[in-house]
Structure formats: C-alpha cells, structure tokens
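Source file: data_14.cif; contents: mmCIF, C-alpha atoms.
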```cif
data_query
#
loop_
_atom_site.label_atom_id
_atom_site.label_comp_id
_atom_site.auth_asym_id
_atom_site.auth_seq_id
_atom_site.Cartn_x
_atom_site.Cartn_y
_atom_site.Cartn_z
CA GLY C 7 0.00 0.00 0.00
CA ALA C 8 0.91 3.63 -0.37
CA GLN C 9 2.46 5.42 2.57
CA LEU C 10 0.81 8.75 3.31
CA VAL C 11 2.90 9.90 6.27
CA PRO C 12 6.69 9.84 5.94
CA ASP C 13 8.79 8.25 8.67
CA PRO C 14 9.73 10.75 11.39
CA GLY C 15 13.24 12.08 10.89
CA SER C 16 13.37 11.09 7.20
CA HIS C 17 14.40 13.55 4.50
CA THR C 18 10.80 13.72 3.19
CA SER C 19 9.51 14.46 6.69
CA ASP C 20 12.03 17.28 7.11
CA VAL C 21 11.12 18.79 3.72
CA LEU C 22 7.38 18.67 4.49
CA GLU C 23 7.99 20.21 7.91
CA GLY C 24 9.95 23.02 6.26
CA PHE C 25 7.07 23.65 3.84
CA GLU C 26 4.65 23.69 6.75
CA ILE C 27 6.68 26.33 8.59
CA CYS C 28 7.05 28.42 5.41
CA PHE C 29 3.32 28.35 4.66
CA THR C 30 2.47 29.18 8.26
CA VAL C 31 4.78 32.21 8.18
CA PHE C 32 3.36 33.22 4.78
CA PHE C 33 -0.26 32.99 6.05
CA ALA C 34 0.58 34.95 9.21
CA VAL C 35 2.35 37.72 7.25
CA GLU C 36 -0.54 37.87 4.78
CA LEU C 37 -2.98 38.18 7.69
CA LEU C 38 -0.98 41.05 9.21
CA ILE C 39 -0.77 42.86 5.86
CA ASN C 40 -4.54 42.52 5.38
CA LEU C 41 -5.16 43.71 8.92
CA THR C 42 -3.02 46.84 8.59
CA GLY C 43 -4.08 47.57 5.00
CA SER C 44 -7.81 47.36 5.71
CA TYR C 45 -7.94 49.83 8.59
CA TYR C 46 -8.51 47.76 11.69
CA ASP C 47 -12.18 48.58 12.32
CA ARG C 48 -13.45 47.60 8.83
CA TRP C 49 -11.37 44.43 8.84
CA TRP C 50 -13.08 42.92 11.89
CA THR C 51 -16.56 43.03 10.32
CA ASP C 52 -15.72 40.62 7.49
CA ARG C 53 -16.39 36.93 8.28
CA TRP C 54 -13.72 35.78 5.85
CA ASN C 55 -11.14 37.64 7.92
CA MET C 56 -12.34 35.82 11.05
CA PHE C 57 -11.91 32.59 9.11
CA ASP C 58 -8.36 33.62 8.21
CA ILE C 59 -7.57 34.27 11.89
CA PHE C 60 -8.82 30.80 12.75
CA ILE C 61 -6.68 29.19 10.02
CA VAL C 62 -3.55 31.10 11.06
CA ILE C 63 -4.03 30.22 14.74
CA VAL C 64 -4.55 26.56 13.80
CA SER C 65 -1.42 26.64 11.64
CA ILE C 66 0.68 28.16 14.44
CA LEU C 67 -0.65 25.59 16.93
CA ALA C 68 0.06 22.76 14.50
CA VAL C 69 3.67 23.88 14.04
CA SER C 70 4.37 24.57 17.71
CA LEU C 71 2.54 21.58 19.26
CA GLN C 72 3.55 18.76 16.92
CA ASP C 73 3.84 16.14 19.68
CA VAL C 74 0.31 16.70 21.01
CA LYS C 75 -2.21 13.98 20.14
CA GLY C 76 -5.00 15.10 17.82
CA ILE C 77 -3.04 17.98 16.32
CA SER C 78 -3.37 16.32 12.91
CA LEU C 79 -7.10 17.08 13.05
CA LEU C 80 -6.25 20.75 13.47
CA ARG C 81 -3.88 20.54 10.52
CA MET C 82 -6.64 19.17 8.31
CA SER C 83 -8.82 22.21 9.01
CA ARG C 84 -6.30 24.35 7.11
CA VAL C 85 -7.51 22.71 3.91
CA PHE C 86 -10.68 24.77 4.27
CA ARG C 87 -8.68 27.90 3.49
CA ILE C 88 -9.40 27.19 -0.16
CA ILE C 89 -13.00 28.13 0.62
CA LYS C 90 -11.81 31.72 0.57
CA ILE C 91 -11.73 31.41 -3.21
CA PHE C 92 -15.55 31.68 -3.03
CA GLN C 93 -15.14 35.29 -1.96
CA SER C 94 -13.60 36.30 -5.27
CA LEU C 95 -15.73 34.18 -7.65
CA LYS C 96 -19.21 35.74 -7.73
CA SER C 97 -20.94 32.87 -9.55
CA LEU C 98 -19.50 30.31 -7.15
CA ARG C 99 -20.45 32.51 -4.21
CA ASN C 100 -24.04 32.63 -5.52
CA VAL C 101 -24.16 28.83 -5.60
CA ILE C 102 -22.79 28.59 -2.05
CA ASN C 103 -25.28 31.20 -0.82
CA ALA C 104 -28.16 29.30 -2.44
CA LEU C 105 -27.00 26.02 -0.87
CA THR C 106 -26.64 27.71 2.50
CA ALA C 107 -30.16 29.16 2.24
CA ALA C 108 -31.51 25.69 1.39
CA ILE C 109 -30.01 23.97 4.46
CA LEU C 110 -33.01 24.54 6.72
CA PRO C 111 -35.71 23.54 4.19
CA VAL C 112 -33.72 20.48 3.10
CA GLY C 113 -33.19 19.57 6.76
CA ASN C 114 -36.95 19.76 7.29
CA ALA C 115 -37.58 17.56 4.24
CA PHE C 116 -34.99 15.04 5.49
CA GLY C 117 -36.69 15.12 8.89
CA VAL C 118 -40.01 14.13 7.30
CA LEU C 119 -38.17 11.46 5.31
CA ALA C 120 -36.58 10.10 8.51
CA VAL C 121 -39.92 10.02 10.34
CA VAL C 122 -41.64 8.12 7.52
CA THR C 123 -38.70 5.70 7.34
CA ALA C 124 -38.84 5.19 11.11
CA ILE C 125 -42.58 4.47 10.93
CA TYR C 126 -41.99 1.86 8.24
CA ALA C 127 -39.14 0.38 10.30
CA VAL C 128 -41.40 0.04 13.35
CA VAL C 129 -44.16 -1.54 11.24
CA GLY C 130 -41.57 -3.87 9.67
CA VAL C 131 -40.31 -4.99 13.08
CA ASP C 132 -43.88 -5.54 14.27
CA ILE C 133 -44.99 -7.55 11.21
CA TYR C 134 -41.82 -9.32 10.04
CA GLY C 135 -39.51 -9.24 13.07
CA GLU C 136 -39.93 -12.89 14.09
CA GLU C 137 -39.70 -14.37 10.58
CA GLU C 138 -36.93 -12.03 9.34
CA PRO C 139 -34.61 -11.40 12.32
CA VAL C 140 -31.68 -10.29 10.16
CA THR C 141 -33.52 -7.54 8.30
CA PHE C 142 -36.31 -6.67 10.75
CA GLY C 143 -35.22 -8.19 14.08
CA ASP C 144 -34.89 -4.84 15.83
CA PHE C 145 -35.37 -1.15 15.08
CA ALA C 146 -31.75 -0.50 14.04
CA SER C 147 -31.74 -3.44 11.60
CA ALA C 148 -35.08 -2.33 10.20
CA MET C 149 -33.87 1.25 9.70
CA PHE C 150 -30.83 -0.03 7.87
CA THR C 151 -33.04 -2.30 5.75
CA MET C 152 -35.32 0.60 4.86
CA PHE C 153 -32.26 2.69 3.99
CA GLN C 154 -31.08 -0.11 1.70
CA VAL C 155 -34.50 -0.18 0.07
CA ILE C 156 -34.50 3.55 -0.60
CA THR C 157 -31.02 3.41 -2.13
CA ALA C 158 -32.21 0.57 -4.42
CA ASP C 159 -29.20 -1.49 -3.40
CA GLY C 160 -30.45 -4.96 -4.31
CA TRP C 161 -33.50 -4.61 -2.12
CA ALA C 162 -35.82 -6.53 -4.47
CA THR C 163 -33.61 -9.61 -4.84
CA VAL C 164 -31.95 -9.60 -1.42
CA ILE C 165 -34.77 -8.42 0.85
CA ALA C 166 -38.25 -8.37 -0.72
CA ARG C 167 -38.33 -11.53 -2.88
CA PRO C 168 -37.06 -13.91 -0.18
CA MET C 169 -39.67 -12.43 2.19
CA PHE C 170 -42.44 -12.73 -0.40
CA TYR C 171 -41.78 -16.34 -1.42
CA THR C 172 -42.04 -18.25 1.83
CA PRO C 173 -42.32 -22.08 1.98
CA GLU C 174 -45.98 -21.80 3.04
CA SER C 175 -47.29 -19.35 0.44
CA PRO C 176 -46.58 -15.95 -1.06
CA ARG C 177 -47.18 -13.04 1.31
CA PRO C 178 -49.02 -10.16 -0.41
CA SER C 179 -48.38 -7.93 2.62
CA VAL C 180 -44.70 -7.82 1.60
CA VAL C 181 -45.66 -6.39 -1.79
CA LEU C 182 -47.91 -3.78 -0.19
CA PHE C 183 -45.29 -2.88 2.45
CA PHE C 184 -42.36 -2.33 0.07
CA THR C 185 -44.36 -0.88 -2.82
CA SER C 186 -46.01 1.74 -0.62
CA TYR C 187 -42.64 2.63 0.93
CA ILE C 188 -40.98 3.04 -2.49
CA LEU C 189 -43.89 5.14 -3.77
CA ILE C 190 -44.06 7.39 -0.71
CA VAL C 191 -40.38 7.80 0.05
CA GLY C 192 -38.60 7.03 -3.22
CA THR C 193 -40.97 8.73 -5.59
CA PHE C 194 -42.51 11.50 -3.53
CA LEU C 195 -40.33 12.53 -0.56
CA LEU C 196 -36.94 12.30 -2.28
CA ASN C 197 -38.30 14.47 -5.08
CA VAL C 198 -39.46 16.97 -2.46
CA VAL C 199 -35.88 17.12 -1.15
CA VAL C 200 -34.56 17.71 -4.68
CA ALA C 201 -37.26 20.34 -5.35
CA VAL C 202 -36.32 22.21 -2.16
CA LEU C 203 -32.71 22.36 -3.33
#
```
Spell out the structure here as structure tokens.
Amino acid sequence: GAQLVPDPGSHTSDVLEGFEICFTVFFAVELLINLTGSYYDRWWTDRWNMFDIFIVIVSILAVSLQDVKGISLLRMSRVFRIIKIFQSLKSLRNVINALTAAILPVGNAFGVLAVVTAIYAVVGVDIYGEEEPVTFGDFASAMFTMFQVITADGWATVIARPMFYTPESPRPSVVLFFTSYILIVGTFLLNVVVAVL
C-alpha cells in the first residue's frame, strides 16, 4: 500500500515540515498585511477575515505543538482555506449562498423522510420481526433495511423476494409494504428534497 505519512526524521519528513513552517509564516504575514491595509475597524466586520484568523491560529498551533495527540485534526482544518476562493468568484459565491439558504428547508424535508422511514421500520419490526430477524429483528436493523430499500441497493432480490416467497405461500403484505414505501419515500419525498434544493 501507499504510505501517506513519511517516517519521522526522514528527508521527506524534514522537507514537508519546512514547507509547513514556510506556509504558516506566509499565512501569518498575509494576515498582518490585510489587517493593517484594511484599517482595523473595517477588517473585523468581514467573516472571511475571522476565518483567516482561525486558520492562522490553527497553523501556528500545528507547528508549535507537533507532539500533542489530535493535532493532525487541526492541521486538516487548514484545507478549508481554499474556501476563501468563493469570496472572489461571484458565480461560485451565488451557488454557495443558495446552498446555505436551502439547508433549513432540506433539513426539514430530510426530517419528514426520517420520520416516515422510522414508521416503516417500526411496522416492519412488528410484522416481520420474528420471521426475518436479520432484516427486521430490531429497530436498528429495520432502519438499515429501509435505507437499503430507498437506495435501491439490491432490495428486491436480497430483501423483498425472499420475504415474499415463503415455503408456506406468497405473502401479499410484503408487496404492499415495500411498494407503498418506495412510492411514498422514493418517488414523492426524495423528489421533495430535490425540489427544495
């Protein structure tokens, strides 16, 4: 397999550490230039500048506290500095603003989707829990099963058909259960989520 982190003390590690220090110094100097060039009071009202402060503080902490556990998580947050590009590209900023405005309505639509899925999971546990312990033995298994159904990941051949064709006789309730779920959630509610976006 590929090695993502060089061995400590190796030449590659030293080079990457040097780059990290250089970029941290560059970001800090850039921040100071922006601060002094923007007249202090106006500078503090821009959220992108607050984001820059966060990134620079994280970078300084990552360089100075390298032996502390979990510092790599702080280092990864510096990747988000590329988000600042959105500030200069108006069309991209419009897309981000539209997506941000849609978060609450989409969250509401997903909430309705989750409630309907939970109702079907409870009904599935109640009706099929004893005969199908793997897929409907408990609420968590049933939720996962219903998630698999909505993603169309082999639900007909892996879940529904084996439940329908039992040794005794076919069970029409299985057809009604899964067909109604697909129609309500797959056809209607997922399209509502897309329409809200």
List the neighbours of Leu110 (chain C) out to 12 Å using all atoms listed in the file; skip same-chain residues closer than 6 positions along the sequence, and give me the result as a PDB file with C-alpha atoms, in the frame of the given file.
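Saved file part-v4.pdb follows:
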```pdb
ATOM      1  CA  ALA C 104     -28.160  29.300  -2.440  1.00  0.00           C
ATOM      2  CA  PHE C 116     -34.990  15.040   5.490  1.00  0.00           C
ATOM      3  CA  GLY C 117     -36.690  15.120   8.890  1.00  0.00           C
ATOM      4  CA  VAL C 199     -35.880  17.120  -1.150  1.00  0.00           C
ATOM      5  CA  VAL C 202     -36.320  22.210  -2.160  1.00  0.00           C
ATOM      6  CA  LEU C 203     -32.710  22.360  -3.330  1.00  0.00           C
TER       7      LEU C 203
END
```
Give me, as CSV, each residue of region 99-138 of chain C that comes within 10 Å of region 179-184 of chain C, together with its shortest interatomic pair and the distance in Å at one decimal, counting all atoms listed in the file, with rows ordered by chain and rising residue number.
```
residue,atom,partner,partner_atom,distance
C:Tyr126,CA,C:Phe183,CA,8.2
C:Val129,CA,C:Phe183,CA,9.0
C:Gly130,CA,C:Phe183,CA,8.2
C:Ile133,CA,C:Ser179,CA,9.2
C:Tyr134,CA,C:Val180,CA,9.0
```
Which residues come within 10 Å of Asp132 (chain C), counting only C-alpha atoms, excluding same-chain residues fewer than 6 positions away, as a PDB file with C-alpha atoms, in the frame of the given file?
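Printed below is around.pdb as written:
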```
ATOM      1  CA  TYR C 126     -41.990   1.860   8.240  1.00  0.00           C
ATOM      2  CA  PHE C 142     -36.310  -6.670  10.750  1.00  0.00           C
ATOM      3  CA  GLY C 143     -35.220  -8.190  14.080  1.00  0.00           C
ATOM      4  CA  ASP C 144     -34.890  -4.840  15.830  1.00  0.00           C
ATOM      5  CA  PHE C 145     -35.370  -1.150  15.080  1.00  0.00           C
TER       6      PHE C 145
END
```
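Omitting Pro14 (chain C) and its sequence neighbours fewer than 6 positions away, and counting all atoms listed in the file, the residues within 12 Å are C:Asp20, C:Val21, C:Leu22, C:Glu23, C:Gln72, C:Asp73.
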Quiz item: Using all atoms listed in the file, what residues lie at most 12 Å away from (-8.5, 32.9, 11.0) (file coordinates), given as a ChimeraX atom specification?
Solution: /C:30,33-34,36-38,40-41,50,52-66,83-84,86-87,90
Quiz prompt | Test item: the PyMOL selection byres ((chain C and resi 195-197) around 12) resolved as an MDAnalysis selection string | solution = chainID C and resid 112 114:123 156:157 187:194 198:203
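In this model, the gap between CA of Ala162 (chain C) and CA of Ser175 (chain C) comes to 17.9 Å.
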Quiz item: Could you work out how far CA of Pro139 (chain C) lies from CA of Glu174 (chain C), giving the answer in Å with one decimal?
Solution: 18.0 Å
